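Text of the file input-v3.json, holding JSON, C-alpha atoms:
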[["chain", "number", "residue", "atom", "x", "y", "z"],
["A", 1488, "MET", "CA", -25.43, 120.60, 14.66],
["A", 1489, "LEU", "CA", -27.79, 120.00, 11.74],
["A", 1490, "THR", "CA", -27.77, 121.80, 8.42],
["A", 1491, "HIS", "CA", -30.91, 123.60, 7.27],
["A", 1492, "LEU", "CA", -31.89, 120.71, 4.92],
["A", 1493, "GLN", "CA", -31.08, 118.03, 7.48],
["A", 1494, "ASN", "CA", -33.30, 119.79, 10.02],
["A", 1495, "LYS", "CA", -36.18, 120.01, 7.51],
["A", 1496, "VAL", "CA", -35.88, 116.31, 6.60],
["A", 1497, "LEU", "CA", -35.70, 115.27, 10.26],
["A", 1498, "LEU", "CA", -38.85, 117.23, 11.09],
["A", 1499, "ILE", "CA", -40.71, 115.46, 8.27],
["A", 1500, "VAL", "CA", -39.44, 111.89, 8.81],
["A", 1501, "SER", "CA", -39.88, 112.03, 12.60],
["A", 1502, "LYS", "CA", -43.64, 112.33, 12.06],
["A", 1503, "HIS", "CA", -43.75, 109.07, 10.08],
["A", 1504, "LEU", "CA", -43.73, 105.83, 12.05],
["A", 1505, "LYS", "CA", -43.40, 102.32, 10.62],
["A", 1506, "ASP", "CA", -47.10, 101.99, 9.78],
["A", 1507, "LYS", "CA", -47.00, 105.20, 7.71],
["A", 1508, "PRO", "CA", -43.59, 105.56, 5.99],
["A", 1509, "ILE", "CA", -42.72, 108.40, 3.62],
["A", 1510, "THR", "CA", -40.92, 108.08, 0.29],
["A", 1511, "GLY", "CA", -37.87, 110.04, -0.74],
["A", 1512, "LYS", "CA", -39.89, 111.63, -3.54],
["A", 1513, "GLU", "CA", -42.47, 112.91, -1.04],
["A", 1514, "ILE", "CA", -39.71, 114.36, 1.15],
["A", 1515, "SER", "CA", -38.17, 116.04, -1.93],
["A", 1516, "GLU", "CA", -41.50, 117.67, -2.75],
["A", 1517, "GLN", "CA", -41.93, 118.99, 0.80],
["A", 1518, "ILE", "CA", -38.45, 120.50, 1.11],
["A", 1519, "GLY", "CA", -38.25, 121.82, -2.46],
["A", 1520, "LEU", "CA", -35.61, 119.56, -4.01],
["A", 1521, "MET", "CA", -37.74, 118.64, -7.02],
["A", 1522, "ASP", "CA", -36.00, 120.95, -9.49],
["A", 1523, "ARG", "CA", -32.57, 119.59, -8.59],
["A", 1524, "GLN", "CA", -33.74, 116.00, -8.69],
["A", 1525, "LYS", "CA", -35.69, 116.29, -11.96],
["A", 1526, "PHE", "CA", -38.78, 114.85, -10.27],
["A", 1527, "LYS", "CA", -36.89, 111.79, -9.10],
["A", 1528, "GLU", "CA", -35.79, 110.56, -5.69],
["A", 1529, "GLY", "CA", -32.05, 110.96, -5.94],
["A", 1530, "ALA", "CA", -28.77, 111.04, -4.08],
["A", 1531, "ASP", "CA", -29.62, 114.27, -2.21],
["A", 1532, "ILE", "CA", -32.32, 112.71, -0.03],
["A", 1533, "ARG", "CA", -30.30, 109.54, 0.49],
["A", 1534, "SER", "CA", -27.22, 111.53, 1.51],
["A", 1535, "ILE", "CA", -29.27, 113.68, 3.92],
["A", 1536, "ILE", "CA", -30.82, 110.56, 5.50],
["A", 1537, "SER", "CA", -27.36, 108.98, 5.77],
["A", 1538, "ALA", "CA", -25.97, 112.11, 7.46],
["A", 1539, "LEU", "CA", -28.84, 112.10, 9.96],
["A", 1540, "ARG", "CA", -28.21, 108.43, 10.76],
["A", 1541, "ILE", "CA", -24.52, 109.15, 11.29],
["A", 1542, "LYS", "CA", -25.50, 111.94, 13.70],
["A", 1543, "GLY", "CA", -27.57, 109.47, 15.74],
["A", 1544, "TYR", "CA", -31.16, 109.74, 14.52],
["A", 1545, "PRO", "CA", -33.04, 106.39, 14.25],
["A", 1546, "ILE", "CA", -34.29, 106.72, 10.67],
["A", 1547, "CYS", "CA", -35.14, 103.32, 9.22],
["A", 1548, "ALA", "CA", -36.50, 102.19, 5.87],
["A", 1549, "ILE", "CA", -38.79, 99.55, 4.45],
["A", 1550, "GLY", "CA", -39.87, 98.82, 0.90],
["A", 1551, "ASN", "CA", -42.26, 101.75, 0.63],
["A", 1552, "GLY", "CA", -40.29, 104.51, 2.36],
["A", 1553, "TYR", "CA", -38.51, 105.89, 5.41],
["A", 1554, "PHE", "CA", -39.83, 105.83, 8.97],
["A", 1555, "TYR", "CA", -38.70, 106.98, 12.40],
["A", 1556, "ALA", "CA", -38.13, 104.09, 14.83],
["A", 1557, "ASP", "CA", -40.60, 104.15, 17.70],
["A", 1558, "THR", "CA", -39.28, 101.17, 19.70],
["A", 1559, "TYR", "CA", -35.98, 99.45, 20.52],
["A", 1560, "THR", "CA", -37.21, 96.38, 18.66],
["A", 1561, "GLU", "CA", -37.88, 98.29, 15.43],
["A", 1562, "LEU", "CA", -34.44, 99.90, 15.50],
["A", 1563, "THR", "CA", -32.65, 96.67, 16.42],
["A", 1564, "ARG", "CA", -34.35, 94.73, 13.60],
["A", 1565, "TYR", "CA", -33.47, 97.44, 11.11],
["A", 1566, "ILE", "CA", -29.84, 97.55, 12.28],
["A", 1567, "ASP", "CA", -29.62, 93.74, 11.89],
["A", 1568, "SER", "CA", -31.07, 93.91, 8.39],
["A", 1569, "PHE", "CA", -28.82, 96.87, 7.47],
["A", 1570, "GLN", "CA", -25.75, 95.01, 8.78],
["A", 1571, "ALA", "CA", -26.69, 91.91, 6.75],
["A", 1572, "ARG", "CA", -26.81, 94.04, 3.58],
["A", 1573, "ILE", "CA", -23.43, 95.58, 4.45],
["A", 1574, "ASP", "CA", -21.95, 92.11, 5.04],
["A", 1575, "ALA", "CA", -23.28, 90.95, 1.66],
["A", 1576, "GLN", "CA", -21.70, 93.99, -0.02],
["A", 1577, "ILE", "CA", -18.38, 93.31, 1.72],
["A", 1578, "GLN", "CA", -18.48, 89.70, 0.50],
["A", 1579, "ALA", "CA", -19.23, 90.92, -3.04],
["A", 1580, "CYS", "CA", -16.34, 93.40, -2.82],
["A", 1581, "ASP", "CA", -13.97, 90.66, -1.59],
["A", 1582, "GLY", "CA", -15.10, 88.45, -4.47],
["A", 1583, "LEU", "CA", -14.49, 91.23, -6.97],
["A", 1584, "LYS", "CA", -10.95, 91.65, -5.64],
["A", 1585, "LYS", "CA", -10.35, 88.00, -6.58],
["A", 1586, "SER", "CA", -11.97, 88.34, -10.01],
["A", 1587, "TYR", "CA", -9.07, 89.92, -11.94],
["A", 1588, "PRO", "CA", -8.16, 86.59, -13.62],
["A", 1589, "ASN", "CA", -11.71, 86.43, -15.02],
["A", 1590, "ILE", "CA", -11.50, 89.78, -16.85],
["A", 1591, "GLY", "CA", -11.90, 89.00, -20.56],
["A", 1592, "ARG", "CA", -12.32, 85.30, -19.84],
["A", 1593, "GLU", "CA", -14.15, 83.09, -22.32],
["A", 1594, "PHE", "CA", -16.69, 80.67, -20.85],
["A", 1595, "VAL", "CA", -18.18, 77.59, -22.44],
["A", 1596, "SER", "CA", -20.95, 75.18, -21.51],
["A", 1597, "GLU", "CA", -20.28, 72.22, -19.21],
["A", 1598, "GLU", "CA", -20.70, 69.86, -22.17],
["A", 1599, "GLN", "CA", -17.91, 71.60, -24.10],
["A", 1600, "GLU", "CA", -15.77, 71.83, -21.00],
["A", 1601, "SER", "CA", -15.96, 68.09, -20.28],
["A", 1602, "ASP", "CA", -14.41, 67.23, -23.65],
["A", 1603, "GLU", "CA", -11.26, 69.28, -23.15],
["A", 1604, "PRO", "CA", -8.65, 68.15, -20.60],
["A", 1605, "ILE", "CA", -6.88, 71.51, -20.76],
["A", 1606, "ARG", "CA", -7.68, 74.80, -22.45],
["A", 1607, "LYS", "CA", -6.73, 78.45, -22.31],
["A", 1608, "VAL", "CA", -9.63, 80.71, -21.35],
["A", 1609, "ARG", "CA", -7.83, 84.04, -21.06],
["A", 1610, "ARG", "CA", -4.85, 85.50, -22.87],
["A", 1611, "GLY", "CA", -2.62, 88.28, -21.61],
["A", 1612, "ASN", "CA", -1.55, 88.93, -18.05],
["A", 1613, "PRO", "CA", -2.91, 87.21, -16.08],
["A", 1614, "GLU", "CA", -3.30, 84.24, -18.39],
["A", 1615, "VAL", "CA", -5.85, 81.64, -17.30],
["A", 1616, "TRP", "CA", -6.08, 77.95, -18.17],
["A", 1617, "VAL", "CA", -8.70, 75.41, -17.10],
["A", 1618, "VAL", "CA", -7.39, 71.93, -16.35],
["A", 1619, "LYS", "CA", -9.75, 69.00, -15.94],
["A", 1620, "GLY", "CA", -9.19, 67.28, -12.59],
["A", 1621, "SER", "CA", -10.31, 63.90, -11.33],
["A", 1622, "LYS", "CA", -13.37, 65.39, -9.58],
["A", 1623, "LYS", "CA", -13.61, 68.97, -10.83],
["A", 1624, "ASN", "CA", -11.88, 71.50, -13.01],
["A", 1625, "HIS", "CA", -9.14, 73.77, -11.69],
["A", 1626, "ASP", "CA", -8.00, 77.21, -12.79],
["A", 1627, "VAL", "CA", -4.30, 77.71, -13.39],
["A", 1628, "VAL", "CA", -3.45, 81.40, -13.41],
["A", 1629, "ILE", "CA", -0.16, 82.75, -14.76],
["A", 1630, "THR", "CA", 0.61, 86.26, -13.49],
["A", 1631, "ASN", "CA", 3.98, 87.78, -14.42],
["A", 1632, "MET", "CA", 5.29, 84.25, -15.13],
["A", 1633, "PHE", "CA", 4.19, 83.04, -11.66],
["A", 1634, "TYR", "CA", 1.90, 79.99, -11.72],
["A", 1635, "SER", "CA", -0.91, 79.38, -9.24],
["A", 1636, "CYS", "CA", -3.70, 76.82, -9.10],
["A", 1637, "THR", "CA", -7.03, 76.57, -7.31],
["A", 1638, "CYS", "CA", -6.45, 72.95, -6.21],
["A", 1639, "GLU", "CA", -5.67, 71.86, -2.63],
["A", 1640, "ALA", "CA", -2.32, 70.31, -3.62],
["A", 1641, "PHE", "CA", -1.02, 73.67, -4.85],
["A", 1642, "ARG", "CA", -2.19, 75.45, -1.72],
["A", 1643, "PHE", "CA", -0.13, 73.18, 0.51],
["A", 1644, "SER", "CA", 2.84, 72.78, -1.84],
["A", 1645, "SER", "CA", 6.12, 74.29, -0.63],
["A", 1646, "LYS", "CA", 7.38, 74.23, -4.24],
["A", 1647, "HIS", "CA", 4.41, 76.27, -5.54],
["A", 1648, "LYS", "CA", 3.44, 73.70, -8.13],
["A", 1649, "CYS", "CA", 1.02, 70.83, -8.72],
["A", 1650, "LYS", "CA", 0.13, 68.42, -11.53],
["A", 1651, "HIS", "CA", -2.20, 71.04, -13.03],
["A", 1652, "THR", "CA", 0.46, 73.77, -13.21],
["A", 1653, "GLU", "CA", 2.86, 71.24, -14.74],
["A", 1654, "LYS", "CA", 0.31, 70.32, -17.41],
["A", 1655, "VAL", "CA", -0.06, 73.99, -18.27],
["A", 1656, "ARG", "CA", 3.73, 74.43, -18.45],
["A", 1657, "ILE", "CA", 3.89, 71.58, -20.98],
["A", 1658, "ALA", "CA", 0.93, 73.00, -22.93],
["A", 1659, "LYS", "CA", 2.55, 76.44, -23.03],
["A", 1660, "ARG", "CA", 5.85, 74.94, -24.20],
["A", 1661, "ASP", "CA", 4.02, 73.11, -27.00],
["A", 1662, "GLU", "CA", 2.10, 76.28, -27.85],
["A", 1663, "ILE", "CA", 5.32, 78.31, -28.15],
["A", 1664, "LYS", "CA", 6.93, 75.62, -30.33],
["A", 1665, "ALA", "CA", 3.86, 75.59, -32.61],
["A", 1666, "GLU", "CA", 3.90, 79.38, -32.90],
["A", 1667, "GLN", "CA", 7.61, 79.38, -33.72],
["A", 1668, "ALA", "CA", 7.13, 76.69, -36.37],
["A", 1669, "ALA", "CA", 4.25, 78.61, -37.94],
["A", 1670, "ALA", "CA", 5.98, 81.99, -37.89],
["A", 1671, "PRO", "CA", 7.98, 82.97, -41.01],
["A", 1672, "SER", "CA", 11.69, 83.18, -40.45],
["A", 1673, "LEU", "CA", 12.95, 86.68, -39.81],
["A", 1674, "PHE", "CA", 16.22, 85.95, -41.60],
["A", 1675, "PRO", "CA", 16.80, 83.92, -44.78],
["A", 1676, "LEU", "CA", 18.58, 80.64, -44.27],
["A", 1677, "THR", "CA", 21.00, 81.18, -47.16],
["A", 1678, "PHE", "CA", 22.68, 84.24, -48.51],
["A", 1679, "LYS", "CA", 23.95, 84.73, -52.07],
["A", 1680, "HIS", "CA", 27.23, 86.58, -52.27],
["A", 1681, "THR", "CA", 28.03, 88.23, -55.58],
["A", 1682, "ASN", "CA", 31.33, 89.77, -56.39],
["A", 1683, "GLN", "CA", 30.86, 92.78, -58.52],
["A", 1684, "PRO", "CA", 33.81, 94.68, -59.97],
["A", 1685, "ASN", "CA", 34.46, 98.15, -58.58]]
For the structure just supplied, provide its representation as structure tokens.
Amino acid sequence: MLTHLQNKVLLIVSKHLKDKPITGKEISEQIGLMDRQKFKEGADIRSIISALRIKGYPICAIGNGYFYADTYTELTRYIDSFQARIDAQIQACDGLKKSYPNIGREFVSEEQESDEPIRKVRRGNPEVWVVKGSKKNHDVVITNMFYSCTCEAFRFSSKHKCKHTEKVRIAKRDEIKAEQAAAPSLFPLTFKHTNQPN
């Protein structure tokens, strides 16, 4: 069962084959969505097209508009291209799920990076350090005091450590010592006791 707008859009798009596609703006003009869309092709047309596809109508798209598939080949090619875009979006989403350690991270040029054997690139939780390896640099990530590293040795370590995580542990220990030495003492080292008569 189609809604009133879905039916109107289907009637329009079904008249446009691949050699004569129609834009979302043109569809908006024909069905009277211009006021709502402020003279722009917007989410309304896209959502209507999406709903029609879900209901089983072979509406495809190319760079200059929508068209109604006229052959199995046209529909199959569009499905393949659509699926490739979906796969790319899924890969991007999976990458974003791994990107939390890079939030707020400071990046430097390769020239600067090559001079530093170890450096902190993100404070907070997670904390991220870059450690120079023999062939490439590795990220050591500290999340809730748990250390992980991007190197192969860490991945296969039953003890959840590698030479890079150990270097960061030492660097963090030195960092804490330096901070403690630089911080003013909270309590004076000596106290003067004076006896005053009551």
Do you have the atom CA of A:Trp1616-atom CA of A:Lys1585 distance handy?
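Atom CA of A:Lys1585 lies 15.9 Å from atom CA of A:Trp1616.
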Who sits within 10 Å of A:Arg1610, all atoms listed in the file, same chain under 3 positions skipped, as a list in words:
Pro1588, Ile1590, Gly1591, Arg1592, Glu1593, Lys1607, Pro1613, Glu1614, Val1615, Trp1616 and Ile1629 of chain A
For each of A:Glu1516, A:Asp1574, A:Glu1653, A:Asp1581, take the minimum atom-to-atom distance to A:Cys1636, counting all atoms listed in the file, then give the residue where this is smallest.
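Of all the options, A:Glu1653 lies closest to A:Cys1636.
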One decimal, Å: what's the distance from atom CA of A:Ile1518 over to atom CA of A:Tyr1555, could you say?
17.6 Å
Radius query 12 Å about (5.4, 85.9, -18.6), atoms used: all atoms listed in the file, as a PDB file with C-alpha atoms, keeping the file's coordinate frame:
ATOM      1  CA  ARG A1610      -4.850  85.500 -22.870  1.00  0.00           C
ATOM      2  CA  GLY A1611      -2.620  88.280 -21.610  1.00  0.00           C
ATOM      3  CA  ASN A1612      -1.550  88.930 -18.050  1.00  0.00           C
ATOM      4  CA  PRO A1613      -2.910  87.210 -16.080  1.00  0.00           C
ATOM      5  CA  GLU A1614      -3.300  84.240 -18.390  1.00  0.00           C
ATOM      6  CA  VAL A1628      -3.450  81.400 -13.410  1.00  0.00           C
ATOM      7  CA  ILE A1629      -0.160  82.750 -14.760  1.00  0.00           C
ATOM      8  CA  THR A1630       0.610  86.260 -13.490  1.00  0.00           C
ATOM      9  CA  ASN A1631       3.980  87.780 -14.420  1.00  0.00           C
ATOM     10  CA  MET A1632       5.290  84.250 -15.130  1.00  0.00           C
ATOM     11  CA  PHE A1633       4.190  83.040 -11.660  1.00  0.00           C
ATOM     12  CA  TYR A1634       1.900  79.990 -11.720  1.00  0.00           C
ATOM     13  CA  ARG A1656       3.730  74.430 -18.450  1.00  0.00           C
ATOM     14  CA  LYS A1659       2.550  76.440 -23.030  1.00  0.00           C
TER      15      LYS A1659
END
The residues within 9 Å of (-28.8, 122.2, 1.6), using only C-alpha atoms and the coordinates of the file, should be reported as a PyMOL selection string; which are they?
chain A and resi 1490-1493+1531+1535
For the atom pair atom CA of A:Tyr1559 and atom CA of A:Ile1577, what is the interatomic distance in Å to one decimal place?
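About the pair atom CA of A:Tyr1559 and atom CA of A:Ile1577: they are 26.5 Å apart.
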Considering all atoms listed in the file, return as an MDAnalysis selection string whatever protein or nucleic-acid residues lie within 6 Å of stretch 1550-1553 of chain A, sequence-local ones (same chain, fewer than 6 positions apart) excluded.
chainID A and resid 1508:1510
Taking all atoms listed in the file into account, which of A:Ala1665, A:Ile1541, A:Gln1517, A:Ile1546 comes nearest A:Val1500?
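Checking each candidate against A:Val1500, we get A:Ile1546 as the closest.
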Close residues, A:Cys1649 itself excluded, 12 Å, all atoms listed in the file, min 6 positions apart in chain, as a PyMOL selection string
chain A and resi 1618+1620+1625-1627+1634-1643+1655-1656
Name all residues at most 9 Å from stretch 1537-1539 of chain A (count all atoms listed in the file; drop same-chain ones fewer than 2 positions away) and give them as an MDAnalysis selection string.
chainID A and resid 1489 1493:1494 1496:1497 1532:1535 1541:1546
